[in-house]
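Here is the file my_file-v6.cif (mmCIF, C-alpha atoms and all ligand atoms).
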data_protein
loop_
_atom_site.label_atom_id
_atom_site.label_comp_id
_atom_site.auth_asym_id
_atom_site.auth_seq_id
_atom_site.Cartn_x
_atom_site.Cartn_y
_atom_site.Cartn_z
CA MET A 1 -11.68 2.30 17.73
CA SER A 2 -8.38 1.01 16.40
CA ASP A 3 -7.52 1.05 12.74
CA GLY A 4 -6.17 -1.99 10.96
CA PHE A 5 -4.20 -2.20 7.79
CA LEU A 6 -2.62 -4.58 5.34
CA THR A 7 0.49 -3.37 3.56
CA LEU A 8 1.62 -5.10 0.39
CA VAL A 9 5.39 -4.66 0.22
CA PRO A 10 7.39 -5.80 -2.81
CA LYS A 11 10.15 -8.27 -2.01
CA GLN A 12 12.49 -5.91 -3.79
CA ASP A 13 14.16 -3.33 -1.61
CA HIS A 14 14.73 -0.73 -4.29
CA PHE A 15 13.00 0.37 -7.48
CA GLU A 16 14.78 2.85 -9.75
CA GLU A 17 11.40 4.10 -10.95
CA ALA A 18 9.26 3.59 -7.85
CA GLU A 19 6.77 6.28 -8.83
CA ALA A 20 6.29 4.82 -12.31
CA VAL A 21 5.70 1.33 -10.87
CA ALA A 22 3.27 2.81 -8.31
CA ALA A 23 1.42 4.60 -11.12
CA LYS A 24 1.11 1.32 -13.05
CA VAL A 25 -0.37 -0.48 -10.02
CA ILE A 26 -2.72 2.44 -9.29
CA ALA A 27 -3.91 2.51 -12.92
CA TRP A 28 -4.65 -1.22 -12.75
CA LEU A 29 -6.58 -0.87 -9.46
CA VAL A 30 -8.55 2.06 -10.89
CA SER A 31 -9.35 0.14 -14.12
CA ARG A 32 -10.71 -2.72 -11.99
CA LYS A 33 -12.77 -0.22 -9.94
CA ILE A 34 -11.03 -1.35 -6.76
CA ILE A 35 -9.99 2.21 -5.92
CA LYS A 36 -11.27 5.60 -7.08
CA PRO A 37 -9.18 7.57 -9.59
CA PHE A 38 -8.64 10.51 -7.23
CA GLN A 39 -7.12 11.13 -3.79
CA ALA A 40 -8.83 12.23 -0.59
CA ASP A 41 -8.23 12.45 3.15
CA CYS A 42 -8.86 8.75 3.90
CA VAL A 43 -5.56 7.29 5.24
CA LEU A 44 -3.49 7.76 8.39
CA GLY A 45 0.14 7.57 7.24
CA ALA A 46 0.03 10.23 4.53
CA PRO A 47 -2.04 13.36 3.80
CA PHE A 48 -4.03 11.66 1.04
CA GLY A 49 -4.95 8.23 -0.30
CA TYR A 50 -7.23 6.61 -2.85
CA PRO A 51 -10.77 5.90 -1.59
CA PRO A 52 -12.18 2.39 -2.18
CA ASP A 53 -14.38 1.84 -5.22
CA LYS A 54 -17.25 -0.63 -5.52
CA ASN A 55 -15.14 -3.66 -6.50
CA SER A 56 -12.97 -3.40 -3.38
CA VAL A 57 -15.35 -5.89 -1.74
CA THR A 58 -14.55 -8.47 -4.42
CA VAL A 59 -10.87 -8.73 -3.51
CA ILE A 60 -11.16 -9.09 0.25
CA LYS A 61 -11.61 -12.44 1.85
CA ASP A 62 -14.78 -11.94 3.84
CA GLY A 63 -16.40 -9.83 1.11
CA ASP A 64 -17.40 -7.29 3.74
CA SER A 65 -18.31 -3.72 2.76
CA TYR A 66 -17.83 -2.35 6.27
CA HIS A 67 -14.87 -0.18 5.22
CA PHE A 68 -17.22 2.01 3.15
CA LYS A 69 -18.73 3.27 6.41
CA LEU A 70 -15.36 4.36 7.81
CA ILE A 71 -13.47 7.63 7.41
CA THR A 72 -10.11 5.84 7.25
CA ASN A 73 -10.59 3.40 4.39
CA GLY A 74 -8.21 4.29 1.57
CA LEU A 75 -5.09 3.03 -0.14
CA GLU A 76 -1.90 4.79 0.90
CA VAL A 77 0.98 4.53 -1.55
CA ARG A 78 4.55 5.09 -0.45
CA THR A 79 7.38 5.71 -2.86
CA GLU A 80 10.18 6.49 -0.44
CA ARG A 81 12.50 4.10 1.34
CA THR A 82 10.48 2.60 4.20
CA TYR A 83 10.75 -0.11 6.80
CA PHE A 84 7.21 -1.48 6.85
CA GLN A 85 6.18 -3.13 10.09
CA GLY A 86 3.01 -4.28 11.74
CA TYR A 87 2.94 -2.22 14.92
CA GLU A 88 0.87 -4.13 17.48
CA SER A 89 0.12 -7.19 15.42
CA PHE A 90 1.51 -10.44 16.72
CA GLU A 91 1.35 -12.98 13.99
CA PRO A 92 4.73 -14.68 13.93
CA ILE A 93 5.97 -16.62 10.93
CA VAL A 94 9.04 -17.78 12.86
CA ILE A 95 9.14 -19.19 16.40
CA GLN A 96 12.65 -20.58 16.67
CA CYS A 97 13.93 -22.97 19.35
CA PRO A 98 17.01 -21.49 21.08
CA ALA A 99 18.65 -24.92 21.33
CA CYS A 100 18.28 -26.48 17.88
CA TYR A 101 17.14 -23.43 15.84
CA THR A 102 14.11 -25.28 14.46
CA ASN A 103 11.26 -23.00 13.44
CA LEU A 104 8.32 -24.56 15.30
CA ILE A 105 5.85 -23.14 12.77
CA GLU A 106 7.90 -23.89 9.64
CA GLY A 107 5.62 -23.83 6.60
CA LEU A 108 2.94 -21.68 8.22
CA ASP A 109 1.94 -18.95 5.83
CA LEU A 110 0.71 -15.62 7.15
CA MET A 111 -2.54 -16.11 5.25
CA ASP A 112 -3.13 -19.29 7.27
CA TYR A 113 -3.94 -17.13 10.29
CA TYR A 114 -7.08 -16.03 8.55
CA GLN A 115 -8.33 -19.47 7.60
CA GLU A 116 -11.29 -20.93 9.46
CA THR A 117 -9.10 -23.55 11.06
CA LEU A 118 -5.36 -23.70 11.39
CA GLU A 119 -3.65 -27.02 10.91
CA GLU A 120 -3.49 -28.94 14.18
CA LYS A 121 0.33 -28.91 14.36
CA TYR A 122 0.43 -25.11 14.16
CA GLN A 123 -2.61 -24.64 16.35
CA SER A 124 -1.10 -26.60 19.24
CA ILE A 125 2.18 -24.63 19.13
CA LEU A 126 0.42 -21.27 18.95
CA VAL A 127 -1.86 -22.19 21.86
CA GLN A 128 1.21 -23.16 23.90
CA VAL A 129 2.94 -19.89 23.01
CA ASP A 130 -0.12 -17.80 23.96
CA LYS A 131 -0.36 -19.66 27.27
CA ALA A 132 3.37 -19.18 27.93
CA ILE A 133 3.07 -15.43 27.25
CA ASP A 134 0.15 -15.20 29.71
CA GLU A 135 2.16 -17.13 32.31
CA TRP A 136 5.14 -14.87 31.81
CA TYR A 137 2.93 -11.83 32.44
CA GLU A 138 1.77 -13.49 35.66
CA GLY A 139 5.37 -13.78 36.79
CA LYS A 140 5.62 -17.54 36.31
CA THR A 141 8.29 -19.51 34.55
CA SER A 142 6.86 -20.39 31.19
CA ILE A 143 8.51 -23.31 29.45
CA ILE A 144 7.89 -24.50 25.92
CA PRO A 145 9.19 -27.97 25.15
CA CYS A 146 10.66 -28.06 21.64
CA PRO A 147 9.02 -30.86 19.63
CA ALA A 148 12.15 -31.18 17.48
CA CYS A 149 14.90 -31.59 20.08
CA GLY A 150 13.00 -32.01 23.34
CA SER A 151 14.78 -29.10 24.99
CA ALA A 152 12.61 -27.30 27.56
CA GLU A 153 13.33 -23.61 27.22
CA SER A 154 11.65 -20.49 28.54
CA ILE A 155 9.43 -18.60 26.11
CA THR A 156 11.77 -15.64 26.61
CA LYS A 157 14.63 -17.56 24.94
CA TYR A 158 12.72 -18.28 21.74
CA HIS A 159 13.33 -16.11 18.69
CA PHE A 160 10.22 -14.58 17.06
CA GLU A 161 9.78 -12.97 13.69
CA SER A 162 6.71 -11.25 12.33
CA PRO A 163 6.29 -10.17 8.73
CA ARG A 164 7.94 -6.93 7.72
CA GLY A 165 9.27 -5.45 4.56
CA PHE A 166 11.94 -3.13 3.25
CA SER A 167 11.33 -1.21 0.05
CA ASN A 168 10.91 2.20 -1.49
CA LEU A 169 7.45 1.09 -2.58
CA GLY A 170 4.50 -0.09 -0.51
CA PHE A 171 0.71 -0.18 -0.68
CA THR A 172 -1.22 0.16 2.58
CA PHE A 173 -4.93 -0.62 2.54
CA TRP A 174 -6.65 0.86 5.60
CA ASN A 175 -9.45 -1.04 7.32
CA TRP A 176 -10.41 -3.14 4.30
CA SER A 177 -10.25 -6.58 5.84
CA HIS A 178 -8.12 -9.11 7.64
CA ALA A 179 -7.05 -10.67 4.37
CA PHE A 180 -7.12 -10.40 0.62
CA LYS A 181 -8.15 -13.21 -1.68
CA GLU A 182 -5.22 -15.24 -3.01
CA ASP A 183 -6.05 -14.55 -6.66
CA PHE A 184 -5.94 -10.81 -5.99
CA ILE A 185 -2.51 -11.14 -4.41
CA GLN A 186 -1.28 -13.18 -7.39
CA GLU A 187 -2.59 -10.61 -9.85
CA PHE A 188 -1.04 -7.81 -7.79
CA GLU A 189 2.32 -9.57 -7.96
CA GLN A 190 1.99 -9.95 -11.74
CA VAL A 191 1.27 -6.25 -12.26
CA LEU A 192 4.07 -5.31 -9.87
CA GLY A 193 6.48 -7.77 -11.45
CA CYS A 194 7.74 -9.28 -8.19
CA PRO A 195 6.50 -11.23 -5.15
CA ILE A 196 5.16 -9.35 -2.15
CA THR A 197 5.20 -9.62 1.61
CA ILE A 198 1.92 -8.96 3.38
CA VAL A 199 2.44 -6.91 6.54
CA PRO A 200 -0.71 -6.68 8.66
CA GLY A 201 -1.00 -4.25 11.52
CA VAL A 202 -3.18 -2.34 13.92
CA ILE A 203 -2.71 1.13 15.37
ZN ZN A 301 14.72 -27.47 19.65
#
Please re-express this file's structure in structure tokens.
Amino acid sequence: MSDGFLTLVPKQDHFEEAEAVAAKVIAWLVSRKIIKPFQADCVLGAPFGYPPDKNSVTVIKDGDSYHFKLITNGLEVRTERTYFQGYESFEPIVIQCPACYTNLIEGLDLMDYYQETLEEKYQSILVQVDKAIDEWYEGKTSIIPCPACGSAESITKYHFESPRGFSNLGFTFWNWSHAFKEDFIQEFEQVLGCPITIVPGVI
């Protein structure tokens, strides 16, 4: 079985006191009974992480307690300079036309991927992109017409970006869910003191 994660990365590439900020966030999560106050062997990117506590189900979008049944289910905290990326996940936030540089999914938030239904304008582009990728695998020429400038370019010419983050601080939650609730993210940002990027991934 593959393991999925969501990493919350501050949109601040360096903290002078990364460990102190991490400790503040950990103390808050412990006080809310979202994580346990001790570390154990429950993460994949570090020797130890914080196991989930009972209120972890209250901050994830589907409210699922499945992660309690897993061995890899903890919070991994990094306090060294790291380039956080999503490994195999393909959830672009930028699909840019090579001719006019328009982002075809401008305004699409990463969290939108986890909504029941995506807005029609995004849905139709993403369906076209998926189809073009399949066609490319089959050895065909796969063209995506740009809705902004009308240029018909190969999928291979488009520029893609997926979420990633650069910081000496990051919080990776293993196998909790596909998404956190918005109010949890807002509170997290308040405790942290800066906005965050959510980097989802699968290994
Ligand atoms: Zn274009």
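Using all atoms listed in the file, the shortest contact distance between ligand ZN 301 (chain A) and any of A:Thr102, A:Thr156, A:Thr141, A:Asn55 is found at A:Thr102.
Residue nearest Trp176 of chain A within the list A:Phe48, A:Trp136, A:Phe84, A:Tyr66: A:Tyr66 [criterion: smallest interatomic distance, all atoms listed in the file].
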Exercise for review: Measuring atom to atom with all atoms listed in the file, identify which of A:Lys69, A:Arg32, A:His159, A:His14 is nearest to Phe188 of chain A.
Suggested key: A:Arg32
Check your understanding: A:Leu104, A:Leu192, A:Ala23, A:Cys42: which is nearest ligand ZN 301 (chain A), counting all atoms listed in the file?
Key -> A:Leu104
Which residues of chain A have any atom within 10 Å of an atom in ligand ZN 301 (chain A) when counting all atoms listed in the file, and what is the closest pair of atoms for each, with the distance in Å to one decimal? Order the rows by chain and rising number and write it as CSV.
residue,atom,partner,partner_atom,distance
A:Gln96,CA,A:ZN301,ZN,7.8
A:Cys97,CA,A:ZN301,ZN,4.6
A:Pro98,CA,A:ZN301,ZN,6.6
A:Ala99,CA,A:ZN301,ZN,5.0
A:Cys100,CA,A:ZN301,ZN,4.1
A:Tyr101,CA,A:ZN301,ZN,6.1
A:Thr102,CA,A:ZN301,ZN,5.7
A:Asn103,CA,A:ZN301,ZN,8.4
A:Leu104,CA,A:ZN301,ZN,8.3
A:Ile144,CA,A:ZN301,ZN,9.7
A:Pro145,CA,A:ZN301,ZN,7.8
A:Cys146,CA,A:ZN301,ZN,4.6
A:Pro147,CA,A:ZN301,ZN,6.6
A:Ala148,CA,A:ZN301,ZN,5.0
A:Cys149,CA,A:ZN301,ZN,4.1
A:Gly150,CA,A:ZN301,ZN,6.1
A:Ser151,CA,A:ZN301,ZN,5.6
A:Ala152,CA,A:ZN301,ZN,8.2
A:Glu153,CA,A:ZN301,ZN,8.6
A:Tyr158,CA,A:ZN301,ZN,9.6
